Structure formats: C-alpha cells, structure tokens
Amino acid sequence: MTADRLRVAILGLGTAGNRHIAAFKEIAAVELLGADTDPARRAAAEATGVRTAATVEALYDLRPDAVVVAVPHTALADAALTALQRDCHVLLEKPMATTLADARRILDVAKARKRLVMLSFVHRFRPEVAKAKAWIAAGAIGRPRLIVDTMASGASSMPAWVWDRKVGGGGMMMYNGPHPVDRANFLFGEHGTTVAATVRTLSYPVDTEDTVAATLVYPSGGVASFVQHKAPAAAHGAWETHVYGTEGSLFIRTGERVTLTTKAGTETPQLGPEDRFLGAAQEFVGAIGEGRAVSPNGDDGLAVLAAILKMYETR
Ligand SMILES: NC(=O)c1ccc[n+]([C@@H]2O[C@H](COP(=O)([O-])OP(=O)(O)OC[C@H]3O[C@@H](n4cnc5c(N)ncnc54)[C@H](O)[C@@H]3O)[C@@H](O)[C@H]2O)c1
C-alpha cells in the first residue's frame with residue numbers, strides 16, 4: 001500500500017490481463033503494475049501507462065499488495081503460490097490450477113498467510129446473471145431444481161496454447177467451461193459434483209476436447225446439464241441458461257437478457273450496462289479494503305476444477 005493506494009499487479013498481460021487492466025484503471029484507489037515474460041506484451045502495457053517489471057522477481061521488488069494471475073493454465077498455480085508467499089492477495093484466473101493438489105495448496109497457503117484468493121468467475125458480475133441470482137434469492141421461481149446450460153460458439157481467435165494439453169491442462173472445458181459450471185453453482189447456491197460426461201474431439205485437429213456434454217448433481221438434489229462446444233466454422237453462438245424451479249423458470253441469454261416466467265406471466269427487465277471485469281475488480285478491492293471474505297472464493301474455484309477434472313476421468 002502506498003499512501004492510500006492499493007498496489008495491484010497484473011501478471012500476464014494477454015487477453016484476460018488487458019481486460020483486468022482496463023477494469024482496475026477505473027478504480028481510483030489502485031496503482032497498477034504489470035509483468036509478462038513477453039517484452040512485446042510489456043511494451044504494449046507500458047504504452048497505456050502501466051509500470052511493468054521485466055521479470056516476475058523484479059515485480060515483487062515493486063512491493064505489490066495484490067496480484068491478478070492471468071497466465072496460461074499450467075502456470076497459474078505456481079504464480080499464485082509465489083504471490084501468496086510474498087503476502088499478496090490474489091485474484092486468480094480460472095481454472096485456478098490444473099490439479100486438485102495444486103488448488104488445495106493454494107487454499108492452504110492463503111489460509112496460513114491470511115491472504116484472500118478470489119476466483120475470476122466474471123460471469124457472476126454480468127447483469128443478467130446477477131438479476132437471476134437476486135430473483136432466485138427472493139424465491140421468484142421457488143426451489144431451483146434443474147439447470148440446462150449450453151455454451152456453444154463458432155470459430156474465433158483464441159490463444160494457440162488453449163489447444164495444447166501441456167499448457168492448457170485440457171481443452172475448451174478448461175478455457176470456457178469453468179464459467180458455466182460456476183454459474184450453475186452460483187445459481188443453485190451450492191457446489192455440484194459430476195456424475196456423467198461425454199468428452200470428445202469432434203472438429204479440431206487437436207488432442208484436447210472441443211466438445212463436452214456433462215451432468216452434475218447438487219447436495220439439495222438439483223441437477224445441471226452442460227453442453228460445451230467449439231464449432232470449427234462460423235456459427236450462431238448459443239450461450240444460454242435455463243433454470244427450472246418449483247414455482248417458475250428463468251432464461252438467460254448471456255450478454256443480452258434474463259426472462260422470468262411464472263404463473264403471473266413473463267418479465268424481461270431492462271438491465272444496466274455490462275462490465276464484468278470491473279465488477280470483479282471492485283469486489284476484490286472492496287474485500288481487501290474492508291477486511292472481509294471475498295466472493296467468488298478459492299473454495300468455489302476448487303469445486304469447479306474438481307467437477308471439470310471428474311469430467312475428464314468419466315469421459
Ligand atoms: N475470466 C475470463 O473471462 C477470461 C477470459 C480469457 C482468459 N481467461 C484466463 O486468463 C488466463 C490467461 O489467458 P489469456 O487468454 O489471457 O492468454 P494469453 O495467451 O492471451 O495471455 C497470457 C499471457 O501470459 C504471459 N505469460 C505466460 N507465462 C507467464 C509467466 N510464467 N509469467 C508471466 N507471464 C507469463 C504470456 O506471455 C501472455 O502474454 C487463463 O487462465 C485463461 O483461462 C479468463
């Protein structure tokens with residue numbers, strides 16, 4: 001902490017890192033730092049006014065209070081552990097780690113060091129998801145019983161490492177899949193367990209999955225069904241979530257709207273502007289400043305990773 005500003009370092013200045021930079025720049029109480037092993041990525045961040053360090057070691061010489069870890073999947077756990085061992089709070093990109101042992105180590109070190117670990121499940125901060133959660137909490141659909149989530153997209157540019165198991169730890173389920181699993185956990189208000197999964201490589205010349213169909217069950221007896229697909233061609237994207245409850249249902253079209261259906265009719269409210277990375281940044285900075293628990297937290301990350309790794313085992 002310098003004077004009254006929190007020093008937040010973005011580690012990994014790629015696709016996600018740049019979204020985090022834009023978000024944290026909106027928070028006056030934050031001084032931003034950055035680091036990346038790629039000099040071109042560092043130069044691009046410097047050009048936007050972010051002070052960067054040439055090495056991860058040099059970053060810690062600048063004494064950050066908190067680190068946003070946004071590196072490829074197999075590098076997430078080591079980077080998070082280093083940050084915690086330097087007594088920094090961590091906002092950690094999904095999928096948190098690629099093994100449960102690493103994820104548990106992160107939780108243990110965070111507890112020992114009394115540091116926060118927040119998971120970057122930014123979809124919780126989408127207005128349509130927040131509204132769905134508020135409706136469920138208010139009892140608008142009774143008890144949620146079934147969630148059907150489809151996240152299918154057409155071809156788009158993604159970092160090449162996403163398809164490389166040694167770096168990605170898996171394929172689309174590790175890159176996109178954590179969001180829908182966490183969304184269902186968030187809406188149910190509990191953590192689901194995978195009981196069935198079909199994991200396939202249907203369209204891309206890779207050794208990781210481009211397609212998953214999976215079922216999770218919840219302690220309350222609820223069920224969630226997921227489809228994750230990356231099409232090889234242009235496609236009408238379907239990022240849609242249906243939530244069926246005992247008294248009504250919700251339909252979320254990600255990035256667009258949420259509709260409530262009950263015996264009283266349907267309601268599709270006007271939603272505020274979307275800035276999910278800013279929502280996450282505000283929660284992280286708020287929790288640090290207020291000395292309170294953060295949400296989504298490391299336990300939420302462990303639950304999502306466990307569900308995904310179980311899909312790979314089940315196949
Ligand atoms: N929350 C979201 O909506 C969201 C969106 C995209 C990506 N992500 C996540 O963010 C993470 C990064 O993904 P991306 O798409 O930004 O990848 P990317 O390839 O665009 O960027 C990763 C950056 O990390 C750097 N890097 C790699 N190893 C490093 C290390 N050990 N130390 C410092 N820098 C290192 C690379 O040079 C690169 O600039 C992944 O965990 C991914 O799943 C999250």
# chains A, B, ... in the order shown; residues from 1 in each chain; ligands from 1

call {"tool": "residues_around", "arguments": {"residues": "segment 257-273 of chain A", "least_positions_apart": "4", "cutoff": "12 Å", "atoms": "only C-alpha atoms", "output": "PyMOL selection string"}}
result
chain A and resi 125-136+139-142+239-253+278-279

call {"tool": "residues_near_ligand", "arguments": {"ligand": "ligand 1", "cutoff": "8 Å", "atoms": "only C-alpha atoms and all ligand atoms", "output": "number ranges by chain"}}
result
A: 11-18, 35-38, 41, 55-56, 69-73, 75-76, 79, 92-96, 120-123, 158-161, 174-176, 179, 277

call {"tool": "residues_around", "arguments": {"residues": "Ser203 of chain A", "least_positions_apart": "3", "cutoff": "12 Å", "atoms": "only C-alpha atoms", "output": "VMD selection string"}}
result
chain A and resid 154 to 155 200 206 to 211 229 to 233

call {"tool": "write_last_selection", "arguments": {"atoms": "N, CA and C atoms", "output": "short mmCIF file (atom, residue, chain, number, x, y, z; two decimals), in the first residue's frame"}}
result
data_model
loop_
_atom_site.label_atom_id
_atom_site.label_comp_id
_atom_site.auth_asym_id
_atom_site.auth_seq_id
_atom_site.Cartn_x
_atom_site.Cartn_y
_atom_site.Cartn_z
N GLY A 154 -19.05 -20.38 -32.37
CA GLY A 154 -18.41 -20.58 -33.66
C GLY A 154 -16.91 -20.35 -33.55
N ALA A 155 -16.20 -20.58 -34.65
CA ALA A 155 -14.74 -20.39 -34.67
C ALA A 155 -14.42 -18.94 -34.31
N ARG A 200 -15.31 -35.17 -26.06
CA ARG A 200 -14.94 -35.57 -27.42
C ARG A 200 -14.14 -34.48 -28.14
N VAL A 206 -6.75 -31.55 -32.80
CA VAL A 206 -6.03 -31.35 -31.54
C VAL A 206 -6.21 -32.58 -30.66
N ASP A 207 -5.39 -32.68 -29.60
CA ASP A 207 -5.54 -33.84 -28.71
C ASP A 207 -6.31 -33.49 -27.44
N THR A 208 -6.96 -32.31 -27.46
CA THR A 208 -7.80 -31.93 -26.32
C THR A 208 -9.25 -31.85 -26.81
N GLU A 209 -10.18 -31.66 -25.86
CA GLU A 209 -11.60 -31.70 -26.25
C GLU A 209 -12.08 -30.36 -26.81
N ASP A 210 -12.96 -30.46 -27.85
CA ASP A 210 -13.69 -29.29 -28.31
C ASP A 210 -15.17 -29.39 -27.95
N THR A 211 -15.55 -30.54 -27.35
CA THR A 211 -16.97 -30.79 -27.07
C THR A 211 -17.13 -31.58 -25.77
N HIS A 229 -19.27 -26.51 -26.53
CA HIS A 229 -18.85 -26.89 -27.89
C HIS A 229 -18.17 -25.72 -28.58
N LYS A 230 -17.07 -26.02 -29.25
CA LYS A 230 -16.42 -25.02 -30.09
C LYS A 230 -16.54 -25.53 -31.52
N ALA A 231 -17.37 -24.84 -32.31
CA ALA A 231 -17.57 -25.26 -33.70
C ALA A 231 -16.37 -24.81 -34.54
N PRO A 232 -16.07 -25.54 -35.62
CA PRO A 232 -14.90 -25.18 -36.44
C PRO A 232 -15.23 -24.12 -37.49
N ALA A 233 -16.49 -23.77 -37.62
CA ALA A 233 -16.91 -22.82 -38.67
C ALA A 233 -17.68 -21.67 -38.02
#

call {"tool": "select_by_dssp", "arguments": {"residues": "segment 85-191 of chain A", "states": "strand (DSSP E)", "output": "JSON, numbers by chain"}}
result
{"A": [89, 90, 91, 92, 117, 118, 119, 144, 145, 146, 147, 148, 149, 150, 151, 152, 153]}

call {"tool": "write_last_selection", "arguments": {"atoms": "C-alpha atoms", "output": "PDB file, in the first residue's frame"}}
result
ATOM      1  CA  HIS A  89      -3.824 -11.118  -2.077  1.00  0.00           C
ATOM      2  CA  VAL A  90      -4.618 -12.977  -5.310  1.00  0.00           C
ATOM      3  CA  LEU A  91      -7.304 -12.599  -7.960  1.00  0.00           C
ATOM      4  CA  LEU A  92      -6.792 -15.845  -9.818  1.00  0.00           C
ATOM      5  CA  VAL A 117      -7.915 -15.722  -3.020  1.00  0.00           C
ATOM      6  CA  MET A 118     -10.674 -14.616  -5.368  1.00  0.00           C
ATOM      7  CA  LEU A 119     -11.556 -16.589  -8.496  1.00  0.00           C
ATOM      8  CA  PRO A 144     -34.261 -24.301  -8.353  1.00  0.00           C
ATOM      9  CA  ARG A 145     -34.304 -27.943  -9.490  1.00  0.00           C
ATOM     10  CA  LEU A 146     -32.764 -28.145 -12.979  1.00  0.00           C
ATOM     11  CA  ILE A 147     -30.261 -26.012 -14.894  1.00  0.00           C
ATOM     12  CA  VAL A 148     -29.649 -26.607 -18.584  1.00  0.00           C
ATOM     13  CA  ASP A 149     -26.613 -24.662 -19.825  1.00  0.00           C
ATOM     14  CA  THR A 150     -25.381 -24.519 -23.397  1.00  0.00           C
ATOM     15  CA  MET A 151     -22.159 -22.727 -24.273  1.00  0.00           C
ATOM     16  CA  ALA A 152     -21.577 -23.323 -27.964  1.00  0.00           C
ATOM     17  CA  SER A 153     -19.570 -20.909 -30.099  1.00  0.00           C
TER      18      SER A 153
END

call {"tool": "closest_residue", "arguments": {"among": "A:Thr52, A:Lys310, A:Ala103, A:Gly286", "to": "Gly192 of chain A", "atoms": "only C-alpha atoms"}}
result
A:Lys310

call {"tool": "closest_residue", "arguments": {"among": "A:Arg19, A:Arg165, A:Lys111, A:Arg143", "to": "Arg276 of chain A", "atoms": "only C-alpha atoms"}}
result
A:Arg19

call {"tool": "residues_around", "arguments": {"residues": "Arg5 of chain A", "least_positions_apart": "2", "cutoff": "12 Å", "atoms": "only C-alpha atoms", "output": "JSON list (two decimals) with N, CA and C atoms, in the first residue's frame"}}
result
[["chain", "number", "residue", "atom", "x", "y", "z"],
["A", 1, "MET", "N", 0.86, -1.20, 0.00],
["A", 1, "MET", "CA", 0.00, 0.00, 0.00],
["A", 1, "MET", "C", 0.90, 1.25, 0.00],
["A", 2, "THR", "N", 0.71, 2.13, -0.98],
["A", 2, "THR", "CA", 1.46, 3.39, -0.98],
["A", 2, "THR", "C", 0.47, 4.48, -0.62],
["A", 3, "ALA", "N", 0.79, 5.26, 0.39],
["A", 3, "ALA", "CA", -0.17, 6.26, 0.90],
["A", 3, "ALA", "C", -1.53, 5.57, 1.03],
["A", 7, "ARG", "N", -1.59, -1.31, -4.33],
["A", 7, "ARG", "CA", -0.76, -1.65, -5.50],
["A", 7, "ARG", "C", -1.20, -3.00, -6.05],
["A", 8, "VAL", "N", -1.79, -3.01, -7.22],
["A", 8, "VAL", "CA", -2.28, -4.23, -7.85],
["A", 8, "VAL", "C", -1.43, -4.53, -9.07],
["A", 24, "PHE", "N", -9.25, -2.32, -13.59],
["A", 24, "PHE", "CA", -8.61, -1.73, -12.40],
["A", 24, "PHE", "C", -8.27, -0.25, -12.62],
["A", 27, "ILE", "N", -10.61, 2.20, -11.06],
["A", 27, "ILE", "CA", -10.69, 2.32, -9.60],
["A", 27, "ILE", "C", -9.58, 3.26, -9.11],
["A", 28, "ALA", "N", -9.99, 4.41, -8.62],
["A", 28, "ALA", "CA", -9.02, 5.46, -8.28],
["A", 28, "ALA", "C", -8.06, 5.01, -7.19],
["A", 29, "ALA", "N", -8.53, 4.14, -6.30],
["A", 29, "ALA", "CA", -7.71, 3.75, -5.14],
["A", 29, "ALA", "C", -6.65, 2.71, -5.51],
["A", 30, "VAL", "N", -6.45, 2.46, -6.80],
["A", 30, "VAL", "CA", -5.50, 1.43, -7.23],
["A", 30, "VAL", "C", -4.35, 2.04, -8.02],
["A", 31, "GLU", "N", -3.14, 1.59, -7.68],
["A", 31, "GLU", "CA", -1.97, 1.89, -8.51],
["A", 31, "GLU", "C", -1.63, 0.60, -9.25],
["A", 32, "LEU", "N", -1.55, 0.64, -10.58],
["A", 32, "LEU", "CA", -1.38, -0.58, -11.36],
["A", 32, "LEU", "C", 0.08, -0.86, -11.71],
["A", 64, "PRO", "N", 4.01, -5.15, -4.65],
["A", 64, "PRO", "CA", 2.54, -5.12, -4.83],
["A", 64, "PRO", "C", 1.83, -5.63, -3.58],
["A", 65, "ASP", "N", 0.60, -5.14, -3.36],
["A", 65, "ASP", "CA", -0.25, -5.64, -2.27],
["A", 65, "ASP", "C", -1.09, -6.81, -2.75],
["A", 66, "ALA", "N", -1.37, -6.83, -4.06],
["A", 66, "ALA", "CA", -2.26, -7.84, -4.63],
["A", 66, "ALA", "C", -1.80, -8.15, -6.05],
["A", 285, "VAL", "N", -11.08, -5.43, -4.64],
["A", 285, "VAL", "CA", -10.54, -4.26, -3.92],
["A", 285, "VAL", "C", -11.39, -3.98, -2.68],
["A", 288, "ILE", "N", -10.58, -6.54, 0.11],
["A", 288, "ILE", "CA", -9.27, -6.25, 0.73],
["A", 288, "ILE", "C", -9.41, -5.05, 1.67],
["A", 289, "GLY", "N", -10.04, -3.98, 1.17],
["A", 289, "GLY", "CA", -10.16, -2.74, 1.95],
["A", 289, "GLY", "C", -10.98, -2.93, 3.22]]

call {"tool": "atom_distance", "arguments": {"atom1": "atom CA of Thr215 of chain A", "atom2": "atom CA of Asn185 of chain A"}}
result
12.7 Å

call {"tool": "closest_residue", "arguments": {"among": "A:Gly221, A:Gly169, A:Gly49, A:Gly34", "to": "Arg63 of chain A", "atoms": "only C-alpha atoms"}}
result
A:Gly34

call {"tool": "decode", "arguments": {"residues": "segment 297-315 of chain A", "atoms": "N, CA and C atoms", "output": "PDB file, in the first residue's frame"}}
result
ATOM      1  N   ASN A 297     -14.789 -17.270  -4.138  1.00  0.00           N
ATOM      2  CA  ASN A 297     -13.533 -17.503  -3.428  1.00  0.00           C
ATOM      3  C   ASN A 297     -12.830 -18.783  -3.907  1.00  0.00           C
ATOM      4  N   GLY A 298     -11.733 -19.109  -3.220  1.00  0.00           N
ATOM      5  CA  GLY A 298     -10.936 -20.268  -3.623  1.00  0.00           C
ATOM      6  C   GLY A 298     -11.691 -21.586  -3.531  1.00  0.00           C
ATOM      7  N   ASP A 299     -12.590 -21.709  -2.542  1.00  0.00           N
ATOM      8  CA  ASP A 299     -13.386 -22.948  -2.439  1.00  0.00           C
ATOM      9  C   ASP A 299     -14.282 -23.099  -3.673  1.00  0.00           C
ATOM     10  N   ASP A 300     -14.807 -21.970  -4.167  1.00  0.00           N
ATOM     11  CA  ASP A 300     -15.631 -22.018  -5.388  1.00  0.00           C
ATOM     12  C   ASP A 300     -14.771 -22.483  -6.577  1.00  0.00           C
ATOM     13  N   GLY A 301     -13.516 -22.032  -6.595  1.00  0.00           N
ATOM     14  CA  GLY A 301     -12.612 -22.449  -7.671  1.00  0.00           C
ATOM     15  C   GLY A 301     -12.289 -23.929  -7.589  1.00  0.00           C
ATOM     16  N   LEU A 302     -12.013 -24.410  -6.379  1.00  0.00           N
ATOM     17  CA  LEU A 302     -11.697 -25.838  -6.184  1.00  0.00           C
ATOM     18  C   LEU A 302     -12.873 -26.706  -6.633  1.00  0.00           C
ATOM     19  N   ALA A 303     -14.082 -26.281  -6.308  1.00  0.00           N
ATOM     20  CA  ALA A 303     -15.280 -27.070  -6.666  1.00  0.00           C
ATOM     21  C   ALA A 303     -15.435 -27.163  -8.187  1.00  0.00           C
ATOM     22  N   VAL A 304     -15.198 -26.058  -8.874  1.00  0.00           N
ATOM     23  CA  VAL A 304     -15.339 -26.059 -10.341  1.00  0.00           C
ATOM     24  C   VAL A 304     -14.243 -26.930 -10.967  1.00  0.00           C
ATOM     25  N   LEU A 305     -13.010 -26.785 -10.472  1.00  0.00           N
ATOM     26  CA  LEU A 305     -11.912 -27.596 -11.022  1.00  0.00           C
ATOM     27  C   LEU A 305     -12.184 -29.088 -10.788  1.00  0.00           C
ATOM     28  N   ALA A 306     -12.674 -29.417  -9.589  1.00  0.00           N
ATOM     29  CA  ALA A 306     -12.963 -30.830  -9.296  1.00  0.00           C
ATOM     30  C   ALA A 306     -14.015 -31.366 -10.254  1.00  0.00           C
ATOM     31  N   ALA A 307     -15.045 -30.567 -10.535  1.00  0.00           N
ATOM     32  CA  ALA A 307     -16.111 -31.015 -11.454  1.00  0.00           C
ATOM     33  C   ALA A 307     -15.548 -31.239 -12.853  1.00  0.00           C
ATOM     34  N   ILE A 308     -14.656 -30.375 -13.297  1.00  0.00           N
ATOM     35  CA  ILE A 308     -14.100 -30.500 -14.661  1.00  0.00           C
ATOM     36  C   ILE A 308     -13.143 -31.695 -14.741  1.00  0.00           C
ATOM     37  N   LEU A 309     -12.294 -31.844 -13.743  1.00  0.00           N
ATOM     38  CA  LEU A 309     -11.350 -32.988 -13.787  1.00  0.00           C
ATOM     39  C   LEU A 309     -12.119 -34.309 -13.739  1.00  0.00           C
ATOM     40  N   LYS A 310     -13.225 -34.336 -13.015  1.00  0.00           N
ATOM     41  CA  LYS A 310     -14.067 -35.541 -12.971  1.00  0.00           C
ATOM     42  C   LYS A 310     -14.668 -35.829 -14.349  1.00  0.00           C
ATOM     43  N   MET A 311     -14.992 -34.773 -15.099  1.00  0.00           N
ATOM     44  CA  MET A 311     -15.489 -34.989 -16.472  1.00  0.00           C
ATOM     45  C   MET A 311     -14.432 -35.704 -17.295  1.00  0.00           C
ATOM     46  N   TYR A 312     -13.170 -35.280 -17.147  1.00  0.00           N
ATOM     47  CA  TYR A 312     -12.083 -35.914 -17.915  1.00  0.00           C
ATOM     48  C   TYR A 312     -11.913 -37.374 -17.515  1.00  0.00           C
ATOM     49  N   GLU A 313     -12.100 -37.667 -16.224  1.00  0.00           N
ATOM     50  CA  GLU A 313     -11.989 -39.063 -15.765  1.00  0.00           C
ATOM     51  C   GLU A 313     -13.137 -39.903 -16.312  1.00  0.00           C
ATOM     52  N   THR A 314     -14.334 -39.295 -16.325  1.00  0.00           N
ATOM     53  CA  THR A 314     -15.531 -40.024 -16.724  1.00  0.00           C
ATOM     54  C   THR A 314     -15.549 -40.246 -18.240  1.00  0.00           C
ATOM     55  N   ARG A 315     -15.205 -39.172 -18.968  1.00  0.00           N
ATOM     56  CA  ARG A 315     -15.168 -39.128 -20.438  1.00  0.00           C
ATOM     57  C   ARG A 315     -16.397 -39.718 -21.069  1.00  0.00           C
TER      58      ARG A 315
END
